[in-house]
Each structure stands twice: as structure tokens, then as C-alpha cells.
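Structure first, then comments.
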Amino acid sequence: MSVQERKQRERAERERLIVATARELAEQQGWGAVTTRRLAERIEYSQPVLYSHFRGKREIIGAVALQGAAELAVAVRAATAAADGPCARVTALARGYLDFAERNPAVYDALFQLDGGLAYAQEDTPEPLKDAFAALLECLSEVAGDGVHPGLFTEVFWASLHGIATLTRAGRLLPEDTEQRVELLADRLAVL
């Protein structure tokens with residue numbers, strides 16, 4: 001291995017460490033606790049080293065969001081893979097999505113609440129974000145209905161899931177009613 005290859009590998013590893021540490025800190029204490037100073041202390045590198053990877057917290061949030069989008073796509077596809085029939089897949093998708101949001105609140109915030117400097121629904125949208133949407137679309141396009149654009153249907157369904165996730169987390173909806181919401185959403189919105 002050449003010196004250049006070794007340096008590139010070490011740089012990539014430092015970047016992974018920064019993102020993992022930011023994510024861990026955000027999940028434990030919230031995004032307000034994630035500062036470049038605190039990250040530098042935790043990863044045992046100087047702040048200038050951290051800034052050589054990311055210009056600031058916004059880019060770190062973006063990196064966590066991209067990582068989270070890839071994980072969300074995997075979670076949604078895994079949840080729907082074993083479901084038998086379109087309605088069961090829609091229900092499984094909703095459960096998988098809401099479970100992901102509940103298990104990863106800081107990542108979910110990085111994806112959908114905070115400014116990570118990422119373009120959504122644009123030509124230059126990063127591939128992990130496109131793939132997360134595609135994971136939803138793959139399941140929902142089969143139930144969109146005649147004359148309904150599958151992408152638009154997916155956006156409406158996704159917005160409903162996002163509302164359930166954020167309102168439940170904020171204590172505005174009772175968590176014990178989540179399963180009923182999922183069933184209602186799958187039954188009514190995904191009319192077969």
C-alpha cells in the first residue's frame with residue numbers, strides 16, 4: 001500500500017469516526033450538545049483536523065443524514081420484503097419507517113428536521129436520499145391507484161408517516177395508538 005493510499009484510508013476512517021461520534025452524542029444528549037469542540041475532544045483530534053473534514057456542524061448533520069438515509073432505505077426494504085400482498089407491504093412499510101424514527105431520533109432529525117445543507121427533491125439530491133425515497137416508492141407505487149402519480153402518492157403517504165413520527169415523539173399523539181394509526185393509514189390511504 002502506498003503512502004497516499006494509507007493517508008486516504010486514514011482520512012476516511014477519521015471522517016467515519018467524526019460522523020459516528022456526532023451521531024452518538026446527538027442520540028445521547030441531542031443535537032445541541034454536538035459542537036466541534038466537544039467532537040474534537042471525544043475523537044482526540046484537534047478542531048483544525050475536524051474542520052479539514054467538515055466546515056462545521058451543518059456538514060456533519062448532512063453526513064449523519066446521508067448515513068441515516070441509507071439505513072432507512074435498508075430498514076424499509078427489510079420490513080416490506082417478507083410481507084405478503086400490497087396491503088401487508090404498506091402496513092409493514094409504515095411500521096418499519098416509524099420504528100426507524102423511534103429508534104434513531106437524532107438521525108431522523110438530521111434527515112428531516114435540521115439543516116444539513118442537503119438538496120431534497122432536486123436534480124442534485126444525493127443518492128442516499130433518492131434511494132430512501134425509492135424504497136418507499138417501490139412499495140407504494142403498486143397501491144397508488146389509477147390516475148394517481150406514484151411519486152405524489154408516496155409523498156403524501158410519507159408526509160403522513162412523518163407527521164405520526166414527529167407528533168408522537170413530541171407527545172402530541174399517544175404512542176399506544178400508533179398501531180391503530182398505521183392500520184388506518186394503510187387501510188384508508190392505500191385503498192386497493
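The chains in the C-alpha cells are called A, B, ... from first to last as shown; in each chain the residues are counted from 1, and the ligands are counted from 1 in the order shown.
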Could you give me, as a PyMOL selection string, the residues within 10 Å of segment 121-123 of chain A, counting only C-alpha atoms and dropping anything in the same chain fewer than 5 positions from it?
chain A and resi 129-130+133
Residues of chain A in alpha helix (DSSP H) according to DSSP, as a ChimeraX atom specification?
/A:3-29,36-43,47-53,57-81,86-103,105-112,127-140,150-169,178-184
Restricting to only C-alpha atoms, whichever of A:Gly145, A:Gly171, A:Gly96, A:Gly68 is closest to Ala81 of chain A is A:Gly96
Using only C-alpha atoms, what does the table of segment 46-75 of chain A residues within 10 Å of segment 7-15 of chain A look like, with each row giving the shortest atom pair and its distance in Å to one decimal, sorted by chain and ascending number, as a Markdown table?
```
| residue | atom | partner | partner_atom | distance |
| --- | --- | --- | --- | --- |
| A:Val49 | CA | A:Arg14 | CA | 9.1 |
| A:Leu50 | CA | A:Glu15 | CA | 8.3 |
| A:Ser52 | CA | A:Glu15 | CA | 9.6 |
| A:His53 | CA | A:Glu15 | CA | 6.5 |
| A:Phe54 | CA | A:Glu15 | CA | 8.5 |
| A:Ile60 | CA | A:Glu15 | CA | 9.5 |
| A:Ala63 | CA | A:Glu15 | CA | 9.4 |
```
Please, could you write that set of residues out with N, CA and C atoms as a CSV table (one decimal), in the first residue's frame?
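Result file out-v1.csv:
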```
chain,number,residue,atom,x,y,z
A,49,VAL,N,-8.2,19.7,12.6
A,49,VAL,CA,-8.3,18.4,11.9
A,49,VAL,C,-9.8,18.1,11.6
A,50,LEU,N,-10.7,18.4,12.5
A,50,LEU,CA,-12.1,18.2,12.3
A,50,LEU,C,-12.6,19.1,11.2
A,52,SER,N,-10.9,20.1,8.8
A,52,SER,CA,-10.3,19.7,7.5
A,52,SER,C,-11.2,18.6,6.8
A,53,HIS,N,-12.2,18.1,7.6
A,53,HIS,CA,-13.1,17.1,7.1
A,53,HIS,C,-14.5,17.8,6.8
A,54,PHE,N,-14.9,18.6,7.7
A,54,PHE,CA,-16.2,19.3,7.7
A,54,PHE,C,-16.1,20.7,8.0
A,60,ILE,N,-21.7,18.2,9.2
A,60,ILE,CA,-21.7,17.0,10.0
A,60,ILE,C,-23.1,16.4,10.1
A,63,ALA,N,-23.8,14.8,6.9
A,63,ALA,CA,-23.2,13.4,6.8
A,63,ALA,C,-24.0,12.4,7.6
```
Separation of atom CA of Gly117 of chain A and atom CA of Asp99 of chain A, in Å?
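Pair atom CA of Gly117 of chain A / atom CA of Asp99 of chain A returns 25.5 Å.
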For Val90 of chain A, find every residue with an atom within 12 Å (counting only C-alpha atoms), except residues of its own chain fewer than 5 positions away, and show them as a count of residues only.
37
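Minimum distance to Glu41 of chain A across A:Ile61, A:Ala26, A:Ile18, A:Val156 (counting only C-alpha atoms) occurs at A:Ile18.
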Which of these residues is nearest to Thr35 of chain A, using only C-alpha atoms: A:Arg58, A:Arg89, A:Leu17, A:Phe112?
A:Arg58
Spatial neighbours of Glu24 of chain A, 12 Å, only C-alpha atoms, chain gap at least 5 places, as a ChimeraX atom specification:
/A:17-19,29-31,33-34,39,42-43,64,104-107
Any chance you could export the current selection's N, CA, C and O atoms as a PDB file, in the first residue's frame?
```pdb
ATOM      1  N   LEU A  17     -15.228   8.276  12.004  1.00  0.00           N
ATOM      2  CA  LEU A  17     -15.193   8.469  13.454  1.00  0.00           C
ATOM      3  C   LEU A  17     -15.913   9.759  13.854  1.00  0.00           C
ATOM      4  O   LEU A  17     -16.673   9.777  14.824  1.00  0.00           O
ATOM      5  N   ILE A  18     -15.701  10.814  13.129  1.00  0.00           N
ATOM      6  CA  ILE A  18     -16.369  12.091  13.411  1.00  0.00           C
ATOM      7  C   ILE A  18     -17.881  11.929  13.295  1.00  0.00           C
ATOM      8  O   ILE A  18     -18.632  12.345  14.182  1.00  0.00           O
ATOM      9  N   VAL A  19     -18.334  11.319  12.220  1.00  0.00           N
ATOM     10  CA  VAL A  19     -19.772  11.137  11.996  1.00  0.00           C
ATOM     11  C   VAL A  19     -20.368  10.229  13.067  1.00  0.00           C
ATOM     12  O   VAL A  19     -21.428  10.528  13.635  1.00  0.00           O
ATOM     13  N   GLN A  29     -27.546  13.102  23.865  1.00  0.00           N
ATOM     14  CA  GLN A  29     -27.781  14.395  24.503  1.00  0.00           C
ATOM     15  C   GLN A  29     -28.493  15.411  23.621  1.00  0.00           C
ATOM     16  O   GLN A  29     -28.727  16.536  24.048  1.00  0.00           O
ATOM     17  N   GLY A  30     -28.807  15.051  22.402  1.00  0.00           N
ATOM     18  CA  GLY A  30     -29.453  15.981  21.481  1.00  0.00           C
ATOM     19  C   GLY A  30     -28.432  16.725  20.636  1.00  0.00           C
ATOM     20  O   GLY A  30     -27.248  16.801  20.977  1.00  0.00           O
ATOM     21  N   TRP A  31     -28.923  17.285  19.521  1.00  0.00           N
ATOM     22  CA  TRP A  31     -28.026  17.975  18.596  1.00  0.00           C
ATOM     23  C   TRP A  31     -27.410  19.234  19.189  1.00  0.00           C
ATOM     24  O   TRP A  31     -26.338  19.668  18.766  1.00  0.00           O
ATOM     25  N   ALA A  33     -25.940  19.442  21.903  1.00  0.00           N
ATOM     26  CA  ALA A  33     -24.695  19.042  22.560  1.00  0.00           C
ATOM     27  C   ALA A  33     -23.562  18.793  21.573  1.00  0.00           C
ATOM     28  O   ALA A  33     -22.404  18.662  21.970  1.00  0.00           O
ATOM     29  N   VAL A  34     -23.882  18.720  20.299  1.00  0.00           N
ATOM     30  CA  VAL A  34     -22.856  18.438  19.282  1.00  0.00           C
ATOM     31  C   VAL A  34     -22.206  19.744  18.870  1.00  0.00           C
ATOM     32  O   VAL A  34     -22.797  20.569  18.181  1.00  0.00           O
ATOM     33  N   LEU A  39     -16.745  17.438  19.871  1.00  0.00           N
ATOM     34  CA  LEU A  39     -16.370  16.349  18.968  1.00  0.00           C
ATOM     35  C   LEU A  39     -14.853  16.172  18.936  1.00  0.00           C
ATOM     36  O   LEU A  39     -14.356  15.041  18.983  1.00  0.00           O
ATOM     37  N   ARG A  42     -13.759  14.383  22.029  1.00  0.00           N
ATOM     38  CA  ARG A  42     -14.168  12.973  22.055  1.00  0.00           C
ATOM     39  C   ARG A  42     -13.361  12.108  21.091  1.00  0.00           C
ATOM     40  O   ARG A  42     -13.099  10.947  21.392  1.00  0.00           O
ATOM     41  N   ILE A  43     -13.035  12.625  19.940  1.00  0.00           N
ATOM     42  CA  ILE A  43     -12.289  11.815  18.967  1.00  0.00           C
ATOM     43  C   ILE A  43     -10.784  11.969  19.138  1.00  0.00           C
ATOM     44  O   ILE A  43     -10.016  11.305  18.451  1.00  0.00           O
ATOM     45  N   VAL A  64     -24.482  12.779   8.724  1.00  0.00           N
ATOM     46  CA  VAL A  64     -25.318  11.869   9.516  1.00  0.00           C
ATOM     47  C   VAL A  64     -26.621  11.581   8.774  1.00  0.00           C
ATOM     48  O   VAL A  64     -27.102  10.446   8.745  1.00  0.00           O
ATOM     49  N   ASN A 104     -34.060   5.945  16.204  1.00  0.00           N
ATOM     50  CA  ASN A 104     -32.968   6.835  15.799  1.00  0.00           C
ATOM     51  C   ASN A 104     -33.421   8.291  15.766  1.00  0.00           C
ATOM     52  O   ASN A 104     -33.401   8.923  14.710  1.00  0.00           O
ATOM     53  N   PRO A 105     -33.844   8.841  16.895  1.00  0.00           N
ATOM     54  CA  PRO A 105     -34.416  10.192  16.851  1.00  0.00           C
ATOM     55  C   PRO A 105     -33.448  11.271  16.355  1.00  0.00           C
ATOM     56  O   PRO A 105     -33.857  12.158  15.596  1.00  0.00           O
ATOM     57  N   ALA A 106     -32.187  11.193  16.717  1.00  0.00           N
ATOM     58  CA  ALA A 106     -31.236  12.220  16.260  1.00  0.00           C
ATOM     59  C   ALA A 106     -30.953  12.074  14.768  1.00  0.00           C
ATOM     60  O   ALA A 106     -30.824  13.079  14.058  1.00  0.00           O
ATOM     61  N   VAL A 107     -30.869  10.858  14.298  1.00  0.00           N
ATOM     62  CA  VAL A 107     -30.663  10.630  12.869  1.00  0.00           C
ATOM     63  C   VAL A 107     -31.894  11.107  12.102  1.00  0.00           C
ATOM     64  O   VAL A 107     -31.776  11.759  11.062  1.00  0.00           O
TER      65      VAL A 107
END
```
Looking at only C-alpha atoms, which of A:Thr21, A:Ser2, A:Thr36, A:Gln113 is the one that sits closest to Lys57 of chain A?
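Smallest separation from Lys57 of chain A among the options: A:Thr36.
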When you draw a straight line from atom CA of Pro150 of chain A to atom CA of Pro175 of chain A, how long is it in Å?
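Value for the atom CA of Pro150 of chain A-atom CA of Pro175 of chain A distance: 29.2 Å.
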One-decimal distance in Å that lies between atom CA of Leu72 of chain A and atom CA of Glu59 of chain A
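Atom CA of Leu72 of chain A lies at a distance of 19.5 Å from atom CA of Glu59 of chain A.
Using only C-alpha atoms for every distance, the candidate list A:Arg6, A:Arg172, A:Arg23, A:His162 yields A:His162 as the residue closest to Ala94 of chain A.
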For Ala170 of chain A, which residue out of A:Gln4, A:Glu71, A:Ala22, A:Glu102 is the nearest one, using only C-alpha atoms?
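Between A:Gln4, A:Glu71, A:Ala22, A:Glu102, the residue approaching Ala170 of chain A most closely is A:Glu102.
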